[in-house]
Amino acid sequence: MSEWKKVKLKDVSINITDGKHGDCKGQDNSGYYFVSCKDVYDGDIHYENARQITKEDFDDADKRTKLAPNDILITNSGTIGRMAFVKDQFETRKTTFQKSVAIVKPDNSKVYPHYLYYLLKSKVNDFVNSSNGAAQKNLLLSTMRDFDLHIENNIIIQRQISTILSRYDSLIENYQKQIKLLEEAAQRLYKDWFVDLHFPGHENTKIVDGVPEGWEKKRAIDFFDMSIGKTPPRAEKEWFSTSDKDVAWVSISDMKDVMFVNTTGEKLTKEACEKFNVKIVPEGTVLLSFKLTVGRVSIADIPVCTNEAIAHFIGTRNSWREYTLLYLRNYHYDSLGNTSGISKAVNSTIIKNMPFLMPCDVILESFSKIVSPLFVKIRNTSSQIRHLTEARDRLLPKLMSGEIAV
């Protein structure tokens with residue numbers, strides 16, 4: 001039988017703390033990780049770009065965090081409320097945190113850890129609304145400790161609820177692994193053909209000025225219909241919506257780790273696009289971020305518009321699309337310099353004039369025939385992930401509120 005009670009988060013936790021209030025000395029390939037809020041998203045810790053630090057600094061910071069399986073992570077600075085449930089894996093005991101990540105250690109005698117994770121996940125908006133700070137939002141540990149929760153008191157039912165939701169997450173994780181394998185296959189072929197120049201017929205192709213004969217190296221704008229996104233005045237709320245009849249509006253965060261972007265979040269009204277001359281780019285447009293976070297590349301899965309930090313590459317042929325995405329993902333953007341004064345940013349003029357190597361049509365078409373089926377599988381699998389995520393997120397508050405009984 002379902003039994004509900006009101007508690008504070010500290011009542012069902014052994015400890016609630018955050019990461020080190022200070023820096024650590026970096027050491028590449030040390031195997032000791034100093035994770036920040038940027039590395040915590042989609043229910044997991046992403047180690048690909050996490051800083052590695054010395055063992056001495058790790059040991060010092062670890063006294064505060066003592067990360068263990070079943071701990072719950074919540075980003076508490078900048079972007080509030082991104083979460084992860086800590087797995088029992090090799091990296092766990094070699095991971096500590098910057099202060100932008102809070103660590104909640106559930107009390108197993110009072111709450112089932114996975115249930116508490118999903119319960120907190122259902123309260124993300126409340127966490128955001130509880131944050132303070134003008135320039136940068138911060139979720140204080142004192143606020144988190146006194147955060148009110150209405151929990152299912154029956155541990156058996158807690159387990160049942162978490163089992164239902166974790167099935168969705170397991171499927172999503174499996175699909176993400178499939179996408180990673182498909183992307184790696186496309187990446188290997190790109191490297192073999194266009195970096196190592198082992199494309200079909202390379203043995204009989206002359207190299208002229210460092211470029212295979214028949215290939216062209218020009219500016220990006222010479223090959224593509226290029227444009228830059230735009231944001232209507234934020235203070236004028238009437239231009240923004242969440243209605244499906246309006247235009248999907250893509251920001252850099254929507255492009256994180258996705259090949260096909262199809263945001264279900266904020267949209268722009270068609271009136272806003274017309275009034276402020278915001279270009280709506282067609283399905284299949286390749287999108288490149290070039291401000292603050294340089295080098296995220298995705299393909300628009302539907303017609304979209306974007307903010308001003310994203311450039312649009314519209315090719316004249318479909319056979320260019322896969323090559324263009326992989327070319328931009330492999331480009332060394334440091335070679336473009338930094339002209340904006342903002343860390344890791346370039347301006348739109350430089351992006352439009354960036355060097356672009358375009359292979360001959362025969363090679364591009366051959367490449368497209370091989371990788372296009374991989375991209376189709378990635379697109380379809382991404383769609384399945386999106387539908388599963390939407391279904392889970394609809395179910396989550398209903399299970400947590402008792403609206404749906406288990």
# chains A, B, ... in the order shown; residues from 1 in each chain; ligands from 1
call {"tool": "residues_around", "arguments": {"residues": "range 373-384 of chain A", "least_positions_apart": "3", "cutoff": "10 Å", "atoms": "only C-alpha atoms", "output": "JSON, numbers by chain"}}
result
{"A": [171, 172, 175, 176, 178, 179, 180, 181, 182, 183, 185, 186, 258, 259, 260, 261, 262, 299, 301, 322, 368, 369, 370, 387, 388, 389, 390]}
call {"tool": "write_last_selection", "arguments": {"atoms": "C-alpha atoms", "output": "mmCIF file, in the first residue's frame"}}
result
data_model
loop_
_atom_site.group_PDB
_atom_site.id
_atom_site.type_symbol
_atom_site.label_atom_id
_atom_site.label_comp_id
_atom_site.auth_asym_id
_atom_site.auth_seq_id
_atom_site.Cartn_x
_atom_site.Cartn_y
_atom_site.Cartn_z
ATOM 1 C CA LEU A 171 16.921 1.546 -23.506
ATOM 2 C CA ILE A 172 18.098 5.124 -24.074
ATOM 3 C CA TYR A 175 20.535 3.367 -28.264
ATOM 4 C CA GLN A 176 23.214 5.945 -27.410
ATOM 5 C CA GLN A 178 24.539 2.162 -31.014
ATOM 6 C CA ILE A 179 24.807 5.747 -32.239
ATOM 7 C CA LYS A 180 28.370 6.006 -30.930
ATOM 8 C CA LEU A 181 29.391 2.877 -32.871
ATOM 9 C CA LEU A 182 27.768 4.196 -36.064
ATOM 10 C CA GLU A 183 29.461 7.587 -35.670
ATOM 11 C CA ALA A 185 32.382 3.879 -38.308
ATOM 12 C CA ALA A 186 31.656 7.056 -40.304
ATOM 13 C CA VAL A 258 23.860 15.043 -31.152
ATOM 14 C CA MET A 259 24.319 14.546 -34.889
ATOM 15 C CA PHE A 260 20.675 15.361 -35.696
ATOM 16 C CA VAL A 261 19.153 18.265 -33.781
ATOM 17 C CA ASN A 262 15.381 18.506 -33.374
ATOM 18 C CA ILE A 299 22.342 18.504 -38.935
ATOM 19 C CA ASP A 301 16.402 17.259 -38.568
ATOM 20 C CA GLU A 322 27.724 13.835 -44.599
ATOM 21 C CA SER A 368 27.873 9.406 -49.493
ATOM 22 C CA LYS A 369 26.638 6.010 -50.726
ATOM 23 C CA ILE A 370 28.604 4.289 -47.957
ATOM 24 C CA HIS A 387 10.423 9.547 -28.070
ATOM 25 C CA LEU A 388 11.598 7.416 -25.138
ATOM 26 C CA THR A 389 12.861 10.512 -23.326
ATOM 27 C CA GLU A 390 9.568 12.322 -23.852
#
call {"tool": "select_by_dssp", "arguments": {"residues": "range 231-324 of chain A", "states": "strand (DSSP E or B)", "output": "list in words"}}
result
Phe240, Ser241, Val247, Ala248, Trp249, Val250, Phe260, Val261, Lys267, Leu268, Val281, Val286, Leu287, Leu288, Ser289, Val297, Ser298, Ile299, Ala300, Val304, Cys305, Thr306, Ile310, Ala311, His312, Phe313 and Ile314 of chain A
call {"tool": "closest_atom_pairs", "arguments": {"of": "range 9-36 of chain A", "to": "range 101-105 of chain A", "cutoff": "12 Å", "atoms": "only C-alpha atoms", "output": "CSV"}}
result
residue,atom,partner,partner_atom,distance
A:Leu9,CA,A:Val104,CA,8.9
A:Lys10,CA,A:Val104,CA,8.9
A:Asp11,CA,A:Lys105,CA,11.2
A:Val12,CA,A:Lys105,CA,8.8
A:Ser13,CA,A:Lys105,CA,5.5
A:Ile14,CA,A:Lys105,CA,5.5
A:Asn15,CA,A:Lys105,CA,5.3
A:Ile16,CA,A:Val104,CA,4.6
A:Thr17,CA,A:Ile103,CA,5.4
A:Asp18,CA,A:Ala102,CA,4.0
A:Gly19,CA,A:Val101,CA,6.0
A:Lys20,CA,A:Val101,CA,9.2
A:His21,CA,A:Val101,CA,10.7
A:Phe34,CA,A:Val101,CA,10.6
A:Val35,CA,A:Val101,CA,8.1
A:Ser36,CA,A:Val101,CA,6.4
call {"tool": "write_last_selection", "arguments": {"atoms": "N, CA and C atoms", "output": "compact mmCIF listing (two decimals), in the first residue's frame"}}
result
# COMPACT_ATOMS: atom_id res chain seq x y z
N LEU A 9 15.24 17.12 2.17
CA LEU A 9 16.25 16.30 1.51
C LEU A 9 17.30 15.81 2.51
N LYS A 10 17.66 16.64 3.46
CA LYS A 10 18.67 16.23 4.45
C LYS A 10 18.19 15.09 5.33
N ASP A 11 16.86 14.90 5.45
CA ASP A 11 16.32 13.84 6.29
C ASP A 11 16.54 12.46 5.69
N VAL A 12 16.72 12.40 4.36
CA VAL A 12 16.89 11.10 3.69
C VAL A 12 18.29 10.99 3.07
N SER A 13 19.20 11.83 3.55
CA SER A 13 20.57 11.85 3.03
C SER A 13 21.57 11.71 4.17
N ILE A 14 22.65 11.00 3.89
CA ILE A 14 23.74 10.91 4.85
C ILE A 14 24.56 12.19 4.82
N ASN A 15 24.73 12.74 3.63
CA ASN A 15 25.51 13.97 3.49
C ASN A 15 25.14 14.67 2.19
N ILE A 16 25.19 16.00 2.21
CA ILE A 16 24.99 16.82 1.01
C ILE A 16 26.12 17.83 0.99
N THR A 17 26.97 17.74 0.01
CA THR A 17 28.12 18.65 -0.06
C THR A 17 28.34 19.05 -1.52
N ASP A 18 29.41 19.79 -1.77
CA ASP A 18 29.77 20.15 -3.14
C ASP A 18 31.26 19.90 -3.32
N GLY A 19 31.77 20.23 -4.51
CA GLY A 19 33.16 19.97 -4.82
C GLY A 19 34.09 21.00 -4.21
N LYS A 20 35.35 20.91 -4.58
CA LYS A 20 36.40 21.74 -4.01
C LYS A 20 36.21 23.20 -4.35
N HIS A 21 36.36 24.06 -3.36
CA HIS A 21 36.28 25.51 -3.55
C HIS A 21 37.68 26.03 -3.84
N PHE A 34 38.76 15.67 -12.25
CA PHE A 34 38.26 16.85 -11.55
C PHE A 34 37.08 17.37 -12.36
N VAL A 35 35.91 16.84 -12.08
CA VAL A 35 34.72 17.03 -12.92
C VAL A 35 34.02 18.35 -12.58
N SER A 36 33.58 19.06 -13.63
CA SER A 36 32.82 20.30 -13.44
C SER A 36 31.39 20.09 -13.95
call {"tool": "residues_around", "arguments": {"residues": "Ile72 in chain A", "least_positions_apart": "3", "cutoff": "12 Å", "atoms": "only C-alpha atoms", "output": "PyMOL selection string"}}
result
chain A and resi 9+13-18+40-41+43-45+65+67-69+75+81-87+101-107+112-121
call {"tool": "select_by_dssp", "arguments": {"residues": "range 109-255 of chain A", "states": "alpha helix (DSSP H)", "output": "PyMOL selection string"}}
result
chain A and resi 113-121+124-129+141-145+155-190+220-223
call {"tool": "residues_around", "arguments": {"residues": "Thr349 in chain A", "least_positions_apart": "2", "cutoff": "12 Å", "atoms": "only C-alpha atoms", "output": "ChimeraX atom specification"}}
result
/A:219-221,226-228,290,311,336,339-340,346-347,351-354
call {"tool": "atom_distance", "arguments": {"atom1": "CA of Phe313 in chain A", "atom2": "CA of Phe223 in chain A"}}
result
8.9 Å
call {"tool": "residues_around", "arguments": {"residues": "Glu271 in chain A", "least_positions_apart": "5", "cutoff": "10 Å", "atoms": "only C-alpha atoms", "output": "list in words"}}
result
Glu238, Trp239, Asp246, Phe276, Asn277 and Val278 of chain A
call {"tool": "write_last_selection", "arguments": {"atoms": "C-alpha atoms", "output": "mmCIF file, in the first residue's frame"}}
result
data_model
loop_
_atom_site.group_PDB
_atom_site.id
_atom_site.type_symbol
_atom_site.label_atom_id
_atom_site.label_comp_id
_atom_site.auth_asym_id
_atom_site.auth_seq_id
_atom_site.Cartn_x
_atom_site.Cartn_y
_atom_site.Cartn_z
ATOM 1 C CA GLU A 238 5.690 37.425 -27.202
ATOM 2 C CA TRP A 239 8.193 36.277 -29.842
ATOM 3 C CA ASP A 246 6.005 27.633 -34.414
ATOM 4 C CA PHE A 276 13.542 40.388 -37.039
ATOM 5 C CA ASN A 277 14.731 38.760 -40.271
ATOM 6 C CA VAL A 278 15.564 35.441 -38.576
#
call {"tool": "atom_distance", "arguments": {"atom1": "CA of Ser251 in chain A", "atom2": "CA of Leu141 in chain A"}}
result
29.5 Å
call {"tool": "atom_distance", "arguments": {"atom1": "CA of Asp39 in chain A", "atom2": "CA of Ser241 in chain A"}}
result
29.0 Å
call {"tool": "closest_residue", "arguments": {"among": "A:Val128, A:Ala61, A:Ala272, A:Arg93", "to": "Gly78 in chain A", "atoms": "only C-alpha atoms"}}
result
A:Val128
call {"tool": "closest_residue", "arguments": {"among": "A:His332, A:Lys230, A:His202, A:Lys177", "to": "Cys273 in chain A", "atoms": "only C-alpha atoms"}}
result
A:Lys230
call {"tool": "residues_around", "arguments": {"residues": "Glu3 in chain A", "least_positions_apart": "5", "cutoff": "7 Å", "atoms": "only C-alpha atoms", "output": "short mmCIF file (atom, residue, chain, number, x, y, z; two decimals) with C-alpha atoms, in the first residue's frame"}}
result
data_model
loop_
_atom_site.label_atom_id
_atom_site.label_comp_id
_atom_site.auth_asym_id
_atom_site.auth_seq_id
_atom_site.Cartn_x
_atom_site.Cartn_y
_atom_site.Cartn_z
CA GLU A 152 6.57 7.43 -1.12
CA ASN A 153 7.47 5.87 2.24
CA ASN A 154 7.09 2.25 1.14
#
call {"tool": "closest_residue", "arguments": {"among": "A:Thr306, A:Thr92, A:Asn29, A:Thr269", "to": "Lys245 in chain A", "atoms": "only C-alpha atoms"}}
result
A:Thr269
call {"tool": "residues_around", "arguments": {"residues": "Leu326 in chain A", "least_positions_apart": "6", "cutoff": "12 Å", "atoms": "only C-alpha atoms", "output": "list in words"}}
result
Glu183, Glu184, Ala185, Ala186, Gln187, Arg188, Leu189, Tyr190, Lys191, Trp193, Phe194, Val195, Met259, Val286, Leu287, Leu288, Gly295, Arg296, Val297, Ser298, Ile299, Trp320, Leu357, Phe367, Ser368, Val371 and Phe375 of chain A
call {"tool": "write_last_selection", "arguments": {"atoms": "N, CA and C atoms", "output": "PDB file, in the first residue's frame"}}
result
ATOM      1  N   GLU A 183      28.665   6.373 -35.444  1.00  0.00           N
ATOM      2  CA  GLU A 183      29.461   7.587 -35.670  1.00  0.00           C
ATOM      3  C   GLU A 183      30.943   7.246 -35.804  1.00  0.00           C
ATOM      4  N   GLU A 184      31.416   6.298 -35.013  1.00  0.00           N
ATOM      5  CA  GLU A 184      32.824   5.898 -35.102  1.00  0.00           C
ATOM      6  C   GLU A 184      33.133   5.259 -36.450  1.00  0.00           C
ATOM      7  N   ALA A 185      32.183   4.497 -36.992  1.00  0.00           N
ATOM      8  CA  ALA A 185      32.382   3.879 -38.308  1.00  0.00           C
ATOM      9  C   ALA A 185      32.489   4.954 -39.393  1.00  0.00           C
ATOM     10  N   ALA A 186      31.599   5.955 -39.336  1.00  0.00           N
ATOM     11  CA  ALA A 186      31.656   7.056 -40.304  1.00  0.00           C
ATOM     12  C   ALA A 186      32.951   7.851 -40.150  1.00  0.00           C
ATOM     13  N   GLN A 187      33.367   8.065 -38.913  1.00  0.00           N
ATOM     14  CA  GLN A 187      34.591   8.812 -38.645  1.00  0.00           C
ATOM     15  C   GLN A 187      35.825   8.084 -39.186  1.00  0.00           C
ATOM     16  N   ARG A 188      35.864   6.763 -39.024  1.00  0.00           N
ATOM     17  CA  ARG A 188      37.011   5.991 -39.519  1.00  0.00           C
ATOM     18  C   ARG A 188      37.121   6.083 -41.032  1.00  0.00           C
ATOM     19  N   LEU A 189      35.992   5.998 -41.713  1.00  0.00           N
ATOM     20  CA  LEU A 189      36.010   6.076 -43.171  1.00  0.00           C
ATOM     21  C   LEU A 189      36.438   7.472 -43.621  1.00  0.00           C
ATOM     22  N   TYR A 190      35.923   8.509 -42.928  1.00  0.00           N
ATOM     23  CA  TYR A 190      36.316   9.880 -43.267  1.00  0.00           C
ATOM     24  C   TYR A 190      37.828  10.043 -43.135  1.00  0.00           C
ATOM     25  N   LYS A 191      38.381   9.571 -42.033  1.00  0.00           N
ATOM     26  CA  LYS A 191      39.815   9.710 -41.805  1.00  0.00           C
ATOM     27  C   LYS A 191      40.615   8.966 -42.874  1.00  0.00           C
ATOM     28  N   TRP A 193      39.732   8.196 -45.983  1.00  0.00           N
ATOM     29  CA  TRP A 193      39.618   8.792 -47.318  1.00  0.00           C
ATOM     30  C   TRP A 193      40.167  10.210 -47.383  1.00  0.00           C
ATOM     31  N   PHE A 194      39.889  11.037 -46.359  1.00  0.00           N
ATOM     32  CA  PHE A 194      40.113  12.471 -46.513  1.00  0.00           C
ATOM     33  C   PHE A 194      41.226  13.038 -45.631  1.00  0.00           C
ATOM     34  N   VAL A 195      41.705  12.276 -44.682  1.00  0.00           N
ATOM     35  CA  VAL A 195      42.867  12.693 -43.891  1.00  0.00           C
ATOM     36  C   VAL A 195      44.108  11.936 -44.358  1.00  0.00           C
ATOM     37  N   MET A 259      24.064  14.331 -33.469  1.00  0.00           N
ATOM     38  CA  MET A 259      24.319  14.546 -34.889  1.00  0.00           C
ATOM     39  C   MET A 259      23.116  15.188 -35.555  1.00  0.00           C
ATOM     40  N   VAL A 286      23.521  21.926 -42.311  1.00  0.00           N
ATOM     41  CA  VAL A 286      24.565  21.633 -41.333  1.00  0.00           C
ATOM     42  C   VAL A 286      24.790  22.879 -40.476  1.00  0.00           C
ATOM     43  N   LEU A 287      24.748  22.700 -39.150  1.00  0.00           N
ATOM     44  CA  LEU A 287      24.857  23.803 -38.205  1.00  0.00           C
ATOM     45  C   LEU A 287      26.200  23.733 -37.479  1.00  0.00           C
ATOM     46  N   LEU A 288      26.860  24.881 -37.320  1.00  0.00           N
ATOM     47  CA  LEU A 288      28.155  24.948 -36.652  1.00  0.00           C
ATOM     48  C   LEU A 288      28.127  26.048 -35.599  1.00  0.00           C
ATOM     49  N   GLY A 295      32.796  24.658 -32.524  1.00  0.00           N
ATOM     50  CA  GLY A 295      33.006  23.361 -33.143  1.00  0.00           C
ATOM     51  C   GLY A 295      31.960  22.306 -32.868  1.00  0.00           C
ATOM     52  N   ARG A 296      30.831  22.657 -32.250  1.00  0.00           N
ATOM     53  CA  ARG A 296      29.734  21.696 -32.207  1.00  0.00           C
ATOM     54  C   ARG A 296      29.058  21.705 -33.573  1.00  0.00           C
ATOM     55  N   VAL A 297      28.821  20.532 -34.118  1.00  0.00           N
ATOM     56  CA  VAL A 297      28.263  20.427 -35.463  1.00  0.00           C
ATOM     57  C   VAL A 297      27.100  19.435 -35.444  1.00  0.00           C
ATOM     58  N   SER A 298      25.984  19.846 -36.007  1.00  0.00           N
ATOM     59  CA  SER A 298      24.804  18.982 -36.099  1.00  0.00           C
ATOM     60  C   SER A 298      24.100  19.242 -37.420  1.00  0.00           C
ATOM     61  N   ILE A 299      23.195  18.342 -37.759  1.00  0.00           N
ATOM     62  CA  ILE A 299      22.342  18.504 -38.935  1.00  0.00           C
ATOM     63  C   ILE A 299      20.928  18.803 -38.459  1.00  0.00           C
ATOM     64  N   TRP A 320      26.903  16.287 -50.361  1.00  0.00           N
ATOM     65  CA  TRP A 320      27.849  17.067 -49.578  1.00  0.00           C
ATOM     66  C   TRP A 320      27.598  16.949 -48.072  1.00  0.00           C
ATOM     67  N   LEU A 357      38.004  22.312 -47.910  1.00  0.00           N
ATOM     68  CA  LEU A 357      38.458  21.400 -48.962  1.00  0.00           C
ATOM     69  C   LEU A 357      37.276  20.576 -49.463  1.00  0.00           C
ATOM     70  N   PHE A 367      31.489   8.308 -51.341  1.00  0.00           N
ATOM     71  CA  PHE A 367      31.515   8.405 -49.881  1.00  0.00           C
ATOM     72  C   PHE A 367      30.101   8.458 -49.321  1.00  0.00           C
ATOM     73  N   SER A 368      29.254   9.249 -49.955  1.00  0.00           N
ATOM     74  CA  SER A 368      27.873   9.406 -49.493  1.00  0.00           C
ATOM     75  C   SER A 368      27.112   8.081 -49.557  1.00  0.00           C
ATOM     76  N   VAL A 371      28.290   6.126 -46.366  1.00  0.00           N
ATOM     77  CA  VAL A 371      27.988   6.641 -45.027  1.00  0.00           C
ATOM     78  C   VAL A 371      26.536   7.077 -44.860  1.00  0.00           C
ATOM     79  N   PHE A 375      24.126   7.319 -41.469  1.00  0.00           N
ATOM     80  CA  PHE A 375      23.465   8.525 -40.987  1.00  0.00           C
ATOM     81  C   PHE A 375      21.956   8.299 -40.820  1.00  0.00           C
TER      82      PHE A 375
END
